[in-house]
$ cat target_21.cif   # mmCIF, C-alpha atoms
data_start
#
loop_
_atom_site.label_atom_id
_atom_site.label_comp_id
_atom_site.auth_asym_id
_atom_site.auth_seq_id
_atom_site.Cartn_x
_atom_site.Cartn_y
_atom_site.Cartn_z
CA MET R 1467 -3.12 -27.23 18.98
CA THR R 1468 0.44 -25.99 18.76
CA PHE R 1469 1.84 -22.46 18.65
CA GLN R 1470 2.74 -23.00 15.00
CA ASP R 1471 -0.92 -23.73 14.18
CA CYS R 1472 -2.10 -20.54 15.86
CA PHE R 1473 0.50 -18.02 14.75
CA PRO R 1474 -0.91 -16.74 11.46
CA ILE R 1475 2.29 -15.92 9.59
CA TRP R 1476 4.38 -18.87 10.76
CA ASP R 1477 4.91 -20.09 7.20
CA ARG R 1478 6.18 -16.69 6.12
CA LEU R 1479 9.11 -16.84 8.54
CA ASP R 1480 12.38 -18.51 7.59
CA ALA R 1481 13.82 -21.36 9.67
CA ASP R 1482 16.12 -19.08 11.62
CA GLN R 1483 13.30 -16.66 12.46
CA GLN R 1484 11.06 -19.55 13.53
CA ALA R 1485 13.81 -20.90 15.78
CA ARG R 1486 14.29 -17.50 17.43
CA ILE R 1487 10.61 -17.18 18.23
CA LEU R 1488 10.31 -20.70 19.62
CA GLY R 1489 13.56 -20.39 21.58
CA ASN R 1490 12.19 -17.38 23.44
CA LEU R 1491 8.56 -18.43 23.77
CA ALA R 1492 6.87 -18.76 27.16
CA PHE R 1493 3.64 -20.57 27.95
CA ARG R 1494 1.44 -19.43 30.80
CA SER R 1495 -1.72 -20.75 32.32
CA VAL R 1496 -3.49 -18.08 34.38
CA GLY R 1497 -6.65 -17.94 36.45
CA LYS R 1498 -9.65 -15.71 35.83
CA GLY R 1499 -8.97 -12.20 37.09
CA THR R 1500 -5.19 -12.28 36.56
CA ILE R 1501 -3.75 -8.99 35.34
CA LEU R 1502 -1.41 -9.94 32.50
CA HIS R 1503 -0.27 -6.49 31.50
CA ASN R 1504 -0.42 -3.27 33.41
CA GLY R 1505 0.02 -0.18 31.24
CA ASN R 1506 3.46 1.05 30.29
CA ALA R 1507 4.97 -0.29 33.48
CA ASP R 1508 5.29 -3.67 31.76
CA CYS R 1509 6.87 -4.77 28.53
CA THR R 1510 5.07 -8.07 28.57
CA GLY R 1511 5.37 -9.18 24.96
CA LEU R 1512 2.78 -10.32 22.46
CA LEU R 1513 0.11 -12.59 23.92
CA LEU R 1514 -1.34 -15.32 21.73
CA VAL R 1515 -4.45 -16.85 23.28
CA LYS R 1516 -4.51 -20.65 23.17
CA SER R 1517 -7.76 -20.86 25.09
CA GLY R 1518 -9.76 -18.59 27.36
CA GLN R 1519 -10.61 -14.90 27.14
CA LEU R 1520 -8.80 -11.62 27.72
CA ARG R 1521 -10.06 -8.10 27.97
CA ALA R 1522 -8.18 -4.86 27.32
CA TYR R 1523 -9.36 -1.79 29.15
CA ILE R 1524 -8.33 1.72 30.07
CA LEU R 1525 -8.48 3.24 33.53
CA SER R 1526 -9.33 6.77 34.59
CA ASP R 1527 -7.44 8.59 37.35
CA GLU R 1528 -10.39 7.81 39.61
CA GLY R 1529 -10.24 4.08 38.86
CA ARG R 1530 -13.15 3.94 36.40
CA GLU R 1531 -12.75 1.38 33.61
CA ILE R 1532 -13.93 0.92 30.05
CA THR R 1533 -13.36 -2.21 27.97
CA ILE R 1534 -11.81 -1.39 24.61
CA TYR R 1535 -11.71 -4.88 23.15
CA ARG R 1536 -11.69 -8.56 24.01
CA LEU R 1537 -9.55 -11.42 22.76
CA PHE R 1538 -10.56 -15.02 22.22
CA ASP R 1539 -8.90 -18.26 21.05
CA ARG R 1540 -6.10 -17.65 18.51
CA ASP R 1541 -6.28 -13.86 18.92
CA LEU R 1542 -3.00 -12.02 19.29
CA CYS R 1543 -2.60 -9.08 21.65
CA LEU R 1544 -0.23 -6.43 20.33
CA LEU R 1545 -0.74 -3.66 22.88
CA SER R 1546 0.86 -5.74 25.63
CA ALA R 1547 4.03 -5.21 23.58
CA SER R 1548 3.49 -1.50 23.00
CA CYS R 1549 7.01 -0.95 24.36
CA ILE R 1550 8.34 -2.02 20.96
CA MET R 1551 6.44 0.77 19.17
CA ARG R 1552 7.46 4.23 20.27
CA SER R 1553 4.39 5.86 18.69
CA ILE R 1554 1.94 4.04 20.95
CA GLN R 1555 1.32 6.71 23.57
CA PHE R 1556 -1.42 5.19 25.69
CA GLU R 1557 -1.73 2.57 28.36
CA VAL R 1558 -4.01 -0.42 28.44
CA THR R 1559 -4.49 -3.08 31.07
CA ILE R 1560 -4.96 -6.70 29.99
CA GLU R 1561 -6.91 -9.01 32.29
CA ALA R 1562 -7.88 -12.67 31.98
CA GLU R 1563 -11.69 -12.74 31.95
CA LYS R 1564 -11.67 -16.53 32.20
CA ASP R 1565 -9.04 -19.13 33.03
CA THR R 1566 -6.71 -18.63 30.09
CA GLU R 1567 -3.75 -20.32 28.41
CA ILE R 1568 -1.42 -18.05 26.48
CA TRP R 1569 1.86 -18.07 24.64
CA VAL R 1570 4.03 -15.03 25.32
CA ILE R 1571 6.22 -13.95 22.41
CA SER R 1572 9.38 -12.09 23.42
CA PRO R 1573 9.02 -8.39 22.56
CA GLU R 1574 12.72 -8.06 21.67
CA VAL R 1575 12.60 -11.02 19.28
CA TYR R 1576 9.37 -9.82 17.66
CA GLN R 1577 10.75 -6.32 17.25
CA SER R 1578 13.93 -7.58 15.62
CA LEU R 1579 11.89 -9.66 13.15
CA MET R 1580 9.56 -6.77 12.39
CA GLU R 1581 12.50 -4.52 11.54
CA VAL R 1582 13.77 -6.77 8.77
CA SER R 1583 10.68 -8.68 7.62
CA ALA R 1584 7.99 -6.97 5.52
CA PRO R 1585 5.50 -9.83 6.17
CA VAL R 1586 5.91 -9.48 9.96
CA ALA R 1587 5.67 -5.69 9.76
CA ASN R 1588 2.56 -5.86 7.56
CA TYR R 1589 0.95 -8.46 9.79
CA THR R 1590 1.60 -6.14 12.76
CA ASN R 1591 -0.04 -3.38 10.76
CA GLU R 1592 -3.16 -5.44 10.17
CA LEU R 1593 -3.35 -6.31 13.86
CA MET R 1594 -3.07 -2.69 14.87
CA ALA R 1595 -5.62 -1.64 12.26
CA SER R 1596 -8.07 -4.20 13.70
CA ARG R 1597 -7.70 -2.89 17.25
CA PHE R 1598 -7.83 0.70 16.00
CA SER R 1599 -11.09 -0.16 14.23
CA GLU R 1600 -12.55 -1.63 17.42
CA VAL R 1601 -11.69 1.54 19.31
CA MET R 1602 -13.24 3.70 16.57
CA TRP R 1603 -16.39 1.61 16.77
CA LEU R 1604 -16.41 2.14 20.54
CA MET R 1605 -15.85 5.87 20.06
CA GLU R 1606 -18.90 6.05 17.82
CA GLN R 1607 -20.95 4.15 20.41
CA VAL R 1608 -19.82 6.42 23.22
CA MET R 1609 -20.37 9.59 21.20
CA TRP R 1610 -23.66 8.91 19.49
CA LYS R 1611 -25.45 6.13 21.42
CA SER R 1612 -27.29 6.49 24.67
CA MET R 1613 -26.35 4.20 27.55
CA ASP R 1614 -29.54 2.11 27.31
CA LYS R 1615 -28.68 1.09 23.73
CA ARG R 1616 -25.08 0.34 24.71
CA LEU R 1617 -26.29 -1.77 27.67
CA ALA R 1618 -28.69 -3.72 25.41
CA ALA R 1619 -25.85 -4.33 22.92
CA PHE R 1620 -23.51 -5.44 25.70
CA LEU R 1621 -26.01 -7.95 27.12
CA LEU R 1622 -26.63 -9.43 23.65
CA GLU R 1623 -22.89 -9.67 22.94
CA GLU R 1624 -22.26 -11.28 26.30
CA ALA R 1625 -25.03 -13.86 25.69
CA ALA R 1626 -23.47 -14.67 22.31
CA ILE R 1627 -19.98 -15.09 23.83
CA GLU R 1628 -21.22 -17.25 26.70
CA GLY R 1629 -23.73 -19.21 24.65
CA THR R 1630 -26.44 -18.69 27.25
CA SER R 1631 -29.09 -16.14 28.08
CA ALA R 1632 -28.44 -16.57 31.81
CA LEU R 1633 -25.48 -14.27 32.45
CA LYS R 1634 -23.51 -14.58 35.66
CA ILE R 1635 -22.33 -11.02 35.92
CA THR R 1636 -22.56 -8.23 38.48
CA HIS R 1637 -23.80 -4.71 37.81
CA GLU R 1638 -20.34 -3.46 38.84
CA THR R 1639 -18.67 -5.59 36.15
CA ILE R 1640 -21.10 -4.38 33.49
CA ALA R 1641 -20.38 -0.77 34.51
CA ASN R 1642 -16.63 -1.43 34.19
CA HIS R 1643 -17.08 -2.75 30.66
CA LEU R 1644 -19.16 0.23 29.60
CA GLY R 1645 -17.25 2.97 31.39
CA SER R 1646 -20.31 3.77 33.47
CA HIS R 1647 -21.27 3.75 37.16
CA ARG R 1648 -22.85 0.80 38.97
CA GLU R 1649 -25.83 2.93 40.01
CA VAL R 1650 -26.54 3.90 36.40
CA VAL R 1651 -26.39 0.27 35.26
CA THR R 1652 -28.63 -0.90 38.11
CA ARG R 1653 -31.24 1.76 37.35
CA MET R 1654 -31.24 0.85 33.66
CA LEU R 1655 -31.41 -2.90 34.29
CA ARG R 1656 -34.42 -2.33 36.56
CA TYR R 1657 -36.07 -0.42 33.75
CA PHE R 1658 -35.26 -3.33 31.35
CA GLN R 1659 -36.81 -5.69 33.92
CA SER R 1660 -39.98 -3.60 34.17
CA GLU R 1661 -40.23 -3.80 30.36
CA GLY R 1662 -39.93 -7.61 30.45
CA MET R 1663 -36.53 -7.70 28.70
CA VAL R 1664 -34.52 -9.20 31.57
CA ARG R 1665 -34.96 -10.83 34.97
CA LEU R 1666 -32.53 -9.82 37.73
CA SER R 1667 -31.34 -11.92 40.63
CA ARG R 1668 -28.22 -11.96 42.78
CA GLY R 1669 -25.12 -11.89 40.55
CA MET R 1670 -27.27 -12.82 37.55
CA VAL R 1671 -28.97 -11.18 34.58
CA GLN R 1672 -31.34 -13.42 32.62
CA LEU R 1673 -32.28 -12.23 29.15
CA LEU R 1674 -36.00 -12.85 28.59
CA ASP R 1675 -36.68 -11.00 25.33
CA GLU R 1676 -33.62 -10.79 23.07
CA GLU R 1677 -35.75 -9.54 20.18
CA LYS R 1678 -36.86 -6.53 22.20
CA LEU R 1679 -33.28 -5.87 23.35
CA ARG R 1680 -32.17 -6.01 19.71
CA ARG R 1681 -34.83 -3.53 18.67
CA LEU R 1682 -33.70 -1.18 21.45
CA GLN R 1683 -30.06 -1.57 20.42
CA ASP R 1684 -30.80 -0.84 16.75
CA ASP R 1685 -33.29 1.96 17.32
CA ARG R 1686 -31.83 5.07 15.71
CA ALA R 1687 -34.07 7.53 17.50
CA MET B 615 10.54 22.58 0.10
CA THR B 616 10.32 19.49 -2.11
CA PHE B 617 8.41 16.25 -1.64
CA GLN B 618 11.71 14.48 -1.03
CA ASP B 619 12.44 16.82 1.90
CA CYS B 620 9.08 16.13 3.51
CA PHE B 621 8.69 12.39 3.02
CA PRO B 622 10.38 10.94 6.12
CA ILE B 623 11.67 7.65 4.74
CA TRP B 624 12.74 8.89 1.32
CA ASP B 625 16.35 7.83 1.90
CA ARG B 626 15.28 4.32 2.82
CA LEU B 627 13.74 3.71 -0.62
CA ASP B 628 15.85 2.45 -3.51
CA ALA B 629 16.07 4.38 -6.79
CA ASP B 630 13.36 2.32 -8.46
CA GLN B 631 10.95 2.78 -5.55
CA GLN B 632 11.65 6.52 -5.47
CA ALA B 633 10.94 6.75 -9.21
CA ARG B 634 7.63 4.89 -8.86
CA ILE B 635 6.45 7.23 -6.11
CA LEU B 636 7.45 10.38 -8.00
CA GLY B 637 6.03 9.08 -11.28
CA ASN B 638 2.60 8.69 -9.69
CA LEU B 639 2.62 11.72 -7.42
CA ALA B 640 -0.03 14.42 -7.67
CA PHE B 641 0.11 17.92 -6.25
CA ARG B 642 -3.06 19.72 -5.24
CA SER B 643 -3.78 23.16 -3.97
CA VAL B 644 -7.20 23.32 -2.30
CA GLY B 645 -9.23 26.02 -0.62
CA LYS B 646 -10.40 26.09 2.99
CA GLY B 647 -13.45 23.87 3.44
CA THR B 648 -12.60 21.42 0.64
CA ILE B 649 -13.47 17.82 1.45
CA LEU B 650 -10.42 15.81 0.40
CA HIS B 651 -11.59 12.37 1.42
CA ASN B 652 -15.05 11.12 2.12
CA GLY B 653 -15.14 7.85 4.06
CA ASN B 654 -14.77 4.55 2.28
CA ALA B 655 -16.36 5.91 -0.88
CA ASP B 656 -12.94 7.23 -1.87
CA CYS B 657 -9.55 5.64 -2.22
CA THR B 658 -7.78 8.95 -2.22
CA GLY B 659 -4.23 7.95 -1.40
CA LEU B 660 -1.81 9.20 1.23
CA LEU B 661 -1.86 12.94 1.73
CA LEU B 662 1.36 14.70 2.64
CA VAL B 663 0.75 18.27 3.79
CA LYS B 664 3.13 20.80 2.23
CA SER B 665 1.39 23.75 3.88
CA GLY B 666 -1.96 24.40 5.46
CA GLN B 667 -4.10 22.36 7.84
CA LEU B 668 -6.35 19.31 7.58
CA ARG B 669 -8.81 17.83 10.00
CA ALA B 670 -10.04 14.25 10.18
CA TYR B 671 -13.47 13.69 11.68
CA ILE B 672 -16.21 11.12 11.98
CA LEU B 673 -19.88 11.70 11.29
CA SER B 674 -22.92 10.29 13.03
CA ASP B 675 -26.03 9.12 11.14
CA GLU B 676 -27.62 12.40 12.18
CA GLY B 677 -24.79 14.49 10.79
CA ARG B 678 -23.03 15.28 14.07
CA GLU B 679 -19.25 15.53 13.84
CA ILE B 680 -16.27 15.01 16.09
CA THR B 681 -12.69 15.86 15.17
CA ILE B 682 -10.37 12.91 15.74
CA TYR B 683 -7.10 14.56 14.76
CA ARG B 684 -5.55 17.40 12.78
CA LEU B 685 -2.63 17.48 10.39
CA PHE B 686 -0.12 20.26 9.86
CA ASP B 687 2.92 20.93 7.65
CA ARG B 688 4.85 17.74 6.80
CA ASP B 689 2.21 15.47 8.40
CA LEU B 690 1.14 12.44 6.43
CA CYS B 691 -2.46 11.25 6.37
CA LEU B 692 -2.77 7.48 6.21
CA LEU B 693 -6.51 7.02 6.72
CA SER B 694 -7.28 8.65 3.36
CA ALA B 695 -5.65 5.50 1.97
CA SER B 696 -7.48 3.07 4.26
CA CYS B 697 -8.56 1.18 1.13
CA ILE B 698 -5.08 -0.38 1.06
CA MET B 699 -5.52 -1.89 4.54
CA ARG B 700 -8.37 -4.33 4.78
CA SER B 701 -8.42 -4.28 8.59
CA ILE B 702 -9.37 -0.59 8.76
CA GLN B 703 -13.11 -0.87 9.29
CA PHE B 704 -14.13 2.71 9.89
CA GLU B 705 -14.69 5.82 7.87
CA VAL B 706 -13.20 9.24 8.33
CA THR B 707 -13.73 12.45 6.43
CA ILE B 708 -10.74 14.70 5.69
CA GLU B 709 -11.35 18.42 5.25
CA ALA B 710 -9.01 21.32 4.58
CA GLU B 711 -9.32 23.64 7.57
CA LYS B 712 -7.23 26.28 5.81
CA ASP B 713 -6.06 26.79 2.25
CA THR B 714 -3.80 23.78 1.87
CA GLU B 715 -1.16 22.39 -0.48
CA ILE B 716 -0.76 18.63 -0.51
CA TRP B 717 1.04 15.87 -2.33
CA VAL B 718 -1.11 12.83 -3.03
CA ILE B 719 0.76 9.52 -3.05
CA SER B 720 -0.84 6.81 -5.17
CA PRO B 721 -2.44 4.18 -2.91
CA GLU B 722 -1.55 1.34 -5.30
CA VAL B 723 2.10 2.35 -5.48
CA TYR B 724 2.34 2.78 -1.72
CA GLN B 725 0.69 -0.58 -1.10
CA SER B 726 3.06 -2.35 -3.47
CA LEU B 727 6.07 -0.80 -1.70
CA MET B 728 4.68 -1.66 1.72
CA GLU B 729 4.30 -5.29 0.75
CA VAL B 730 7.97 -5.75 -0.05
CA SER B 731 9.73 -3.12 2.06
CA ALA B 732 10.11 -3.56 5.82
CA PRO B 733 11.07 0.13 6.27
CA VAL B 734 7.89 1.30 4.49
CA ALA B 735 5.73 -1.19 6.41
CA ASN B 736 7.28 -0.16 9.74
CA TYR B 737 6.89 3.52 8.92
CA THR B 738 3.21 2.87 8.14
CA ASN B 739 2.97 1.15 11.50
CA GLU B 740 4.37 4.14 13.33
CA LEU B 741 1.96 6.45 11.51
CA MET B 742 -1.00 4.30 12.42
CA ALA B 743 0.19 3.99 16.02
CA SER B 744 0.34 7.81 16.23
CA ARG B 745 -3.23 8.25 14.98
CA PHE B 746 -4.40 5.38 17.18
CA SER B 747 -2.81 7.16 20.15
CA GLU B 748 -4.59 10.39 19.29
CA VAL B 749 -7.92 8.57 19.18
CA MET B 750 -7.21 6.87 22.52
CA TRP B 751 -6.42 10.27 24.02
CA LEU B 752 -9.72 11.56 22.66
CA MET B 753 -11.53 8.51 24.03
CA GLU B 754 -10.16 9.26 27.50
CA GLN B 755 -11.26 12.88 27.19
CA VAL B 756 -14.76 11.91 26.08
CA MET B 757 -15.12 9.24 28.76
CA TRP B 758 -13.68 10.91 31.81
CA LYS B 759 -13.70 14.67 31.19
CA SER B 760 -16.67 16.96 31.44
CA MET B 761 -17.47 19.18 28.46
CA ASP B 762 -16.34 22.41 30.19
CA LYS B 763 -12.81 21.00 30.60
CA ARG B 764 -12.78 19.78 26.98
CA LEU B 765 -13.96 23.20 25.78
CA ALA B 766 -11.25 24.97 27.79
CA ALA B 767 -8.63 22.59 26.35
CA PHE B 768 -9.93 23.13 22.81
CA LEU B 769 -9.77 26.93 23.11
CA LEU B 770 -6.21 26.80 24.44
CA GLU B 771 -5.15 24.37 21.67
CA GLU B 772 -6.75 26.56 19.03
CA ALA B 773 -5.01 29.67 20.37
CA ALA B 774 -1.68 27.80 20.22
CA ILE B 775 -2.31 26.65 16.62
CA GLU B 776 -3.38 30.09 15.44
CA GLY B 777 -0.83 31.99 17.47
CA THR B 778 -3.46 34.44 18.74
CA SER B 779 -5.91 34.69 21.59
CA ALA B 780 -8.55 36.21 19.28
CA LEU B 781 -10.14 33.16 17.67
CA LYS B 782 -12.29 33.58 14.57
CA ILE B 783 -14.53 30.59 15.09
CA THR B 784 -18.26 30.00 15.38
CA HIS B 785 -19.96 28.08 18.19
CA GLU B 786 -21.20 25.63 15.55
CA THR B 787 -17.64 24.86 14.43
CA ILE B 788 -16.50 24.35 18.02
CA ALA B 789 -19.42 21.96 18.58
CA ASN B 790 -18.40 20.01 15.45
CA HIS B 791 -14.86 19.62 16.74
CA LEU B 792 -16.00 18.40 20.14
CA GLY B 793 -18.91 16.20 19.05
CA SER B 794 -21.33 18.41 20.94
CA HIS B 795 -24.33 20.61 20.12
CA ARG B 796 -24.12 24.31 19.34
CA GLU B 797 -26.54 25.14 22.19
CA VAL B 798 -24.33 23.36 24.70
CA VAL B 799 -21.22 25.19 23.50
CA THR B 800 -22.99 28.56 23.54
CA ARG B 801 -24.25 28.02 27.08
CA MET B 802 -20.78 27.04 28.28
CA LEU B 803 -19.03 29.93 26.51
CA ARG B 804 -21.47 32.34 28.17
CA TYR B 805 -20.55 30.82 31.51
CA PHE B 806 -16.83 31.25 30.65
CA GLN B 807 -17.59 34.88 29.77
CA SER B 808 -19.37 35.48 33.07
CA GLU B 809 -16.26 34.12 34.81
CA GLY B 810 -14.01 36.51 32.87
CA MET B 811 -12.22 33.80 30.91
CA VAL B 812 -13.38 34.83 27.41
CA ARG B 813 -15.14 37.67 25.60
CA LEU B 814 -17.69 36.73 22.94
CA SER B 815 -18.59 38.67 19.84
CA ARG B 816 -19.98 37.74 16.44
CA GLY B 817 -17.92 34.87 14.95
CA MET B 818 -15.22 35.48 17.53
CA VAL B 819 -14.03 34.12 20.87
CA GLN B 820 -11.37 36.18 22.59
CA LEU B 821 -9.42 34.45 25.37
CA LEU B 822 -8.97 36.85 28.28
CA ASP B 823 -7.57 34.63 31.01
CA GLU B 824 -5.60 31.67 29.65
CA GLU B 825 -4.27 30.84 33.10
CA LYS B 826 -7.81 30.37 34.44
CA LEU B 827 -8.77 28.28 31.39
CA ARG B 828 -5.69 26.12 31.99
CA ARG B 829 -6.63 25.59 35.63
CA LEU B 830 -10.13 24.56 34.58
CA GLN B 831 -8.73 22.19 31.95
CA ASP B 832 -6.34 20.54 34.41
CA ASP B 833 -8.73 20.42 37.35
CA ARG B 834 -9.16 16.77 38.26
CA ALA B 835 -12.27 17.26 40.37
#

$ encode --input "target_21.cif" --output "structure tokens"
Amino acid sequence: MTFQDCFPIWDRLDADQQARILGNLAFRSVGKGTILHNGNADCTGLLLVKSGQLRAYILSDEGREITIYRLFDRDLCLLSASCIMRSIQFEVTIEAEKDTEIWVISPEVYQSLMEVSAPVANYTNELMASRFSEVMWLMEQVMWKSMDKRLAAFLLEEAAIEGTSALKITHETIANHLGSHREVVTRMLRYFQSEGMVRLSRGMVQLLDEEKLRRLQDDRA
Amino acid sequence: MTFQDCFPIWDRLDADQQARILGNLAFRSVGKGTILHNGNADCTGLLLVKSGQLRAYILSDEGREITIYRLFDRDLCLLSASCIMRSIQFEVTIEAEKDTEIWVISPEVYQSLMEVSAPVANYTNELMASRFSEVMWLMEQVMWKSMDKRLAAFLLEEAAIEGTSALKITHETIANHLGSHREVVTRMLRYFQSEGMVRLSRGMVQLLDEEKLRRLQDDRA
């Protein structure tokens, strides 16, 4: 799988533009847990995921985290190049959630293409609109959904991503995804366990009744 | 003040593009409380505020509201034309908060310009990045700030917008801005009153000690 295969608007660039991107392209292979982009301190560039998984999150002054979106194979991360857009006034951190291979597109080259190319600018627009939509979805969850429903939804999503109902994940990590505290997550997981929805063991959450978790997640009461 | 004065990239359009925008432009004068755009049911077009004030908010299934941003003179509302961007997957409602005069730019015309013009596409990008930033700011407030700090910040913002410390606003309206319940707002305002920060009367909140409200708002504890 080459960069050209994964970059969605490759065919809409002219030969010169293609050469400028390739001539300034970097490839990185990073281990799980690597911080790839750290707020506005970095002007990292656009990250195109070849394989693996990234997560974007925001941090509170006290070090609390909340995941705002995740990126999988062939996804492109724009906010790691927020330096090229002066109207982006917030900071996200990008972390590899698994061992990950990425291409890094030079922010200067991308910006210069975007300035002259309507297809590149419109593609950038669509990317931003997608991330904006994910954040709006999260806002609705945070505003109108109780934490038990959000936890049920997170466990189901995680099982779908991992392709298994036996999740290797700590309560601390779950709390960091949801913007909650470890104690709150632990208490709620114990309640889920008492209701037969999950089984807890060290560093592990096993989903036992996905149907019941789904009903809890969808319950509008 | 003409449309041409207020539309920021007017000079970057060619004569034909300018003519197409003007030929499909509508002007509306609406009263306070008018709903100008109602989620994805409408494809209203871009709204450029000549005078007045708009607010964009989201609604829960139960009818709760939270304000996501506000628009003032010369501001352009993009999300009322979200129909032209397929990656926008959320719904906002746009309401006139005061008597308001707006120009409505045809969504079809704008979309056709955006597709061929890098300046229009990049301007759209900057607009979206600004709104995205406002929502991220709100997300941080909602996640990490307690309601008393958010209420203090709202009262100070409102006083700045209105240019007076005597705010004509109901507790219900404040709750709808903040995504809270009227009872919660009332309880907190009474606490503010007991601390000498505000004086409450029917349909009115008078700020008495802005300095103290500011300290509360900024308090990181």

$ residues_around --input "target_21.cif" --residues "Asp1477 in chain R" --least-positions-apart "6" --cutoff "12 Å" --atoms "only C-alpha atoms" --output "list in words"
Gln1470, Asp1471, Gln1483, Gln1484, Pro1585 and Val1586 of chain R

$ resolve_selection --input "target_21.cif" --expression "the PyMOL selection byres ((chain B and resi 782) around 6)" --output "JSON, numbers by chain"
{"B": [781, 783, 817, 818]}

$ write_last_selection --input "target_21.cif" --atoms "C-alpha atoms" --output "mmCIF file, in the frame of the given file"
data_model
loop_
_atom_site.group_PDB
_atom_site.id
_atom_site.type_symbol
_atom_site.label_atom_id
_atom_site.label_comp_id
_atom_site.auth_asym_id
_atom_site.auth_seq_id
_atom_site.Cartn_x
_atom_site.Cartn_y
_atom_site.Cartn_z
ATOM 1 C CA LEU B 781 -10.140 33.160 17.670
ATOM 2 C CA ILE B 783 -14.530 30.590 15.090
ATOM 3 C CA GLY B 817 -17.920 34.870 14.950
ATOM 4 C CA MET B 818 -15.220 35.480 17.530
#

$ resolve_selection --input "target_21.cif" --expression "the PyMOL selection byres ((chain B) within 7 of (chain R))" --output "MDAnalysis selection string"
chainID B and resid 674 701:704 729:732 735:736 739:740 743:744 746:747 750 753 758

$ atom_distance --input "target_21.cif" --atom1 "CA of Glu1624 in chain R" --atom2 "CA of Gln1683 in chain R"
13.8 Å

$ resolve_selection --input "target_21.cif" --expression "the PyMOL selection byres ((chain R and resi 1537) around 7)" --output "PyMOL selection string"
chain R and resi 1519-1521+1535-1536+1538+1541

$ residues_near_point --input "target_21.cif" --point "(3.5, 12.6, 6.8)" --cutoff "8 Å" --atoms "only C-alpha atoms" --output "VMD selection string"
chain B and resid 620 to 622 661 to 663 688 to 691 741

$ residues_around --input "target_21.cif" --residues "Lys1516 in chain R" --least-positions-apart "2" --cutoff "6 Å" --atoms "all atoms listed in the file" --output "NGL selection string"
:R and (1539-1540 or 1567-1568)

$ atom_distance --input "target_21.cif" --atom1 "CA of Leu650 in chain B" --atom2 "CA of Ser694 in chain B"
8.4 Å

$ atom_distance --input "target_21.cif" --atom1 "CA of Glu1623 in chain R" --atom2 "CA of Thr1559 in chain R"
21.2 Å

$ closest_residue --input "target_21.cif" --among "B:Ala766, B:Met802, B:Thr784, B:Ser808" --to "Glu824 in chain B" --atoms "only C-alpha atoms"
B:Ala766

$ decode --input "target_21.cif" --residues "range 782-819 of chain B" --atoms "C-alpha atoms" --output "compact mmCIF listing (two decimals), in the first residue's frame"
# COMPACT_ATOMS: atom_id res chain seq x y z
CA LYS B 782 -32.85 41.90 31.08
CA ILE B 783 -32.80 38.13 30.98
CA THR B 784 -34.79 35.32 32.55
CA HIS B 785 -33.31 32.37 34.44
CA GLU B 786 -34.86 30.11 31.79
CA THR B 787 -32.97 31.89 29.00
CA ILE B 788 -29.70 31.66 30.92
CA ALA B 789 -30.29 27.93 31.43
CA ASN B 790 -30.88 27.52 27.68
CA HIS B 791 -27.60 29.22 26.88
CA LEU B 792 -25.65 27.07 29.31
CA GLY B 793 -27.37 23.74 28.69
CA SER B 794 -28.59 23.66 32.27
CA HIS B 795 -31.94 23.62 34.09
CA ARG B 796 -33.77 26.72 35.26
CA GLU B 797 -33.82 25.44 38.86
CA VAL B 798 -30.04 25.06 38.87
CA VAL B 799 -29.53 28.58 37.51
CA THR B 800 -31.99 30.07 40.01
CA ARG B 801 -30.29 28.35 42.93
CA MET B 802 -26.87 29.56 41.80
CA LEU B 803 -28.03 33.14 41.15
CA ARG B 804 -29.49 33.24 44.67
CA TYR B 805 -26.12 32.14 46.00
CA PHE B 806 -24.43 34.90 43.91
CA GLN B 807 -26.93 37.37 45.41
CA SER B 808 -26.18 36.23 48.96
CA GLU B 809 -22.49 36.85 48.20
CA GLY B 810 -23.23 40.38 46.95
CA MET B 811 -22.28 39.68 43.34
CA VAL B 812 -25.71 40.29 41.76
CA ARG B 813 -29.15 41.65 42.61
CA LEU B 814 -32.17 39.74 41.28
CA SER B 815 -35.53 41.15 40.33
CA ARG B 816 -38.28 40.08 37.96
CA GLY B 817 -36.78 39.35 34.50
CA MET B 818 -33.58 41.11 35.53
CA VAL B 819 -30.11 40.30 36.82
